[in-house]
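A quick write-up on the structure given underneath.
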Amino acid sequence: RHRHVQIPHLQMAFTEGGGRGAAQRPKTGAGGVQVPRVGWWVVILYGLTMTAAVGYRWEGSGDLPLFATCDRVASTAAWAATGRPGTGPAAARAVFAAAVAAHAAEAAYAAATIASATSTHCTNAEAAAWVLQTFVLGYPSLRLLLLLQRRKQHLP
């Protein structure tokens, strides 16, 4: 069903007929920074927003779509984990803090990768864009950066 096509120093899997699942290159933003697909932005930003809204009970957060569902999920998961009802907001705050810490660690790793890689050839503005994008999105951005670095290392 899938066949692999060798492109110089890059291997991509294509689906027969080029339909759904066909390999596509990520979009390149200003200055050569590759931008993950919009779906990543929507899912990650909405997930972070909902986790914070459930955890910190922002005024008006009950009007957000799916707030009640996320609140019930957090409360049920926290009750199952601790055996105490009503600990959902505290659990959501802990998940939010862990997510922010993970994104910060990924952004620091991206900064270290850019600083140590002579093959990346990023300007200061591009490096800042990669680090900021990785802080916001985490893994999808870091994965693109590491793939780009690997590709540039193998080019003549």
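Convention: chains lettered A, B, ... in structure tokens order; per-chain residue numbering from 1; ligands numbered from 1 as shown.
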Check: Quick one: residues within 12 Å of Tyr56 in chain A, only C-alpha atoms counted, chain neighbours fewer than 5 positions away excluded, as a VMD selection string?
Finding: chain A and resid 48 to 51 61 to 62 71 88 to 97
Residues from last step as file, N, CA and C atoms, as a compact mmCIF listing (two decimals), in the first residue's frame:
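To be explicit, this is the file written out as result-v8.txt:
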```txt
# COMPACT_ATOMS: atom_id res chain seq x y z
N LEU A 48 -4.32 23.46 26.27
CA LEU A 48 -3.70 24.24 27.34
C LEU A 48 -4.68 25.23 27.95
N THR A 49 -5.46 25.89 27.10
CA THR A 49 -6.44 26.86 27.58
C THR A 49 -7.49 26.19 28.46
N MET A 50 -8.01 25.05 28.01
CA MET A 50 -9.04 24.36 28.79
C MET A 50 -8.48 23.84 30.11
N THR A 51 -7.27 23.32 30.09
CA THR A 51 -6.68 22.81 31.32
C THR A 51 -6.51 23.94 32.33
N SER A 61 -15.15 31.26 32.15
CA SER A 61 -14.63 30.06 31.50
C SER A 61 -15.72 29.01 31.29
N GLY A 62 -16.81 29.10 32.06
CA GLY A 62 -17.91 28.17 31.87
C GLY A 62 -18.58 28.33 30.52
N ASP A 71 -14.27 19.73 32.66
CA ASP A 71 -14.36 19.81 34.11
C ASP A 71 -14.74 18.46 34.71
N GLY A 88 -10.68 17.92 41.27
CA GLY A 88 -10.47 18.14 39.84
C GLY A 88 -9.68 19.40 39.51
N PRO A 89 -10.04 20.57 40.08
CA PRO A 89 -9.28 21.77 39.76
C PRO A 89 -7.81 21.67 40.16
N ALA A 90 -7.53 21.06 41.30
CA ALA A 90 -6.12 20.91 41.71
C ALA A 90 -5.38 20.00 40.75
N ALA A 91 -6.04 18.94 40.30
CA ALA A 91 -5.41 18.03 39.33
C ALA A 91 -5.18 18.75 38.00
N ALA A 92 -6.14 19.56 37.57
CA ALA A 92 -5.99 20.30 36.32
C ALA A 92 -4.84 21.30 36.42
N ARG A 93 -4.69 21.95 37.59
CA ARG A 93 -3.57 22.88 37.78
C ARG A 93 -2.24 22.13 37.70
N ALA A 94 -2.19 20.94 38.28
CA ALA A 94 -0.95 20.15 38.23
C ALA A 94 -0.63 19.73 36.80
N VAL A 95 -1.65 19.32 36.05
CA VAL A 95 -1.43 18.93 34.64
C VAL A 95 -0.97 20.15 33.84
N PHE A 96 -1.59 21.31 34.08
CA PHE A 96 -1.20 22.53 33.37
C PHE A 96 0.25 22.89 33.69
N ALA A 97 0.63 22.83 34.96
CA ALA A 97 2.00 23.15 35.36
C ALA A 97 2.99 22.17 34.71
```
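One finds CA of Ala81 in chain A at 27.5 Å from CA of Glu106 in chain A.
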Item checked: Pairwise distance for CA of Tyr109 in chain A and CA of Tyr46 in chain A, rounded to one decimal in Å ->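 Distance between the two atoms: 23.7 Å.
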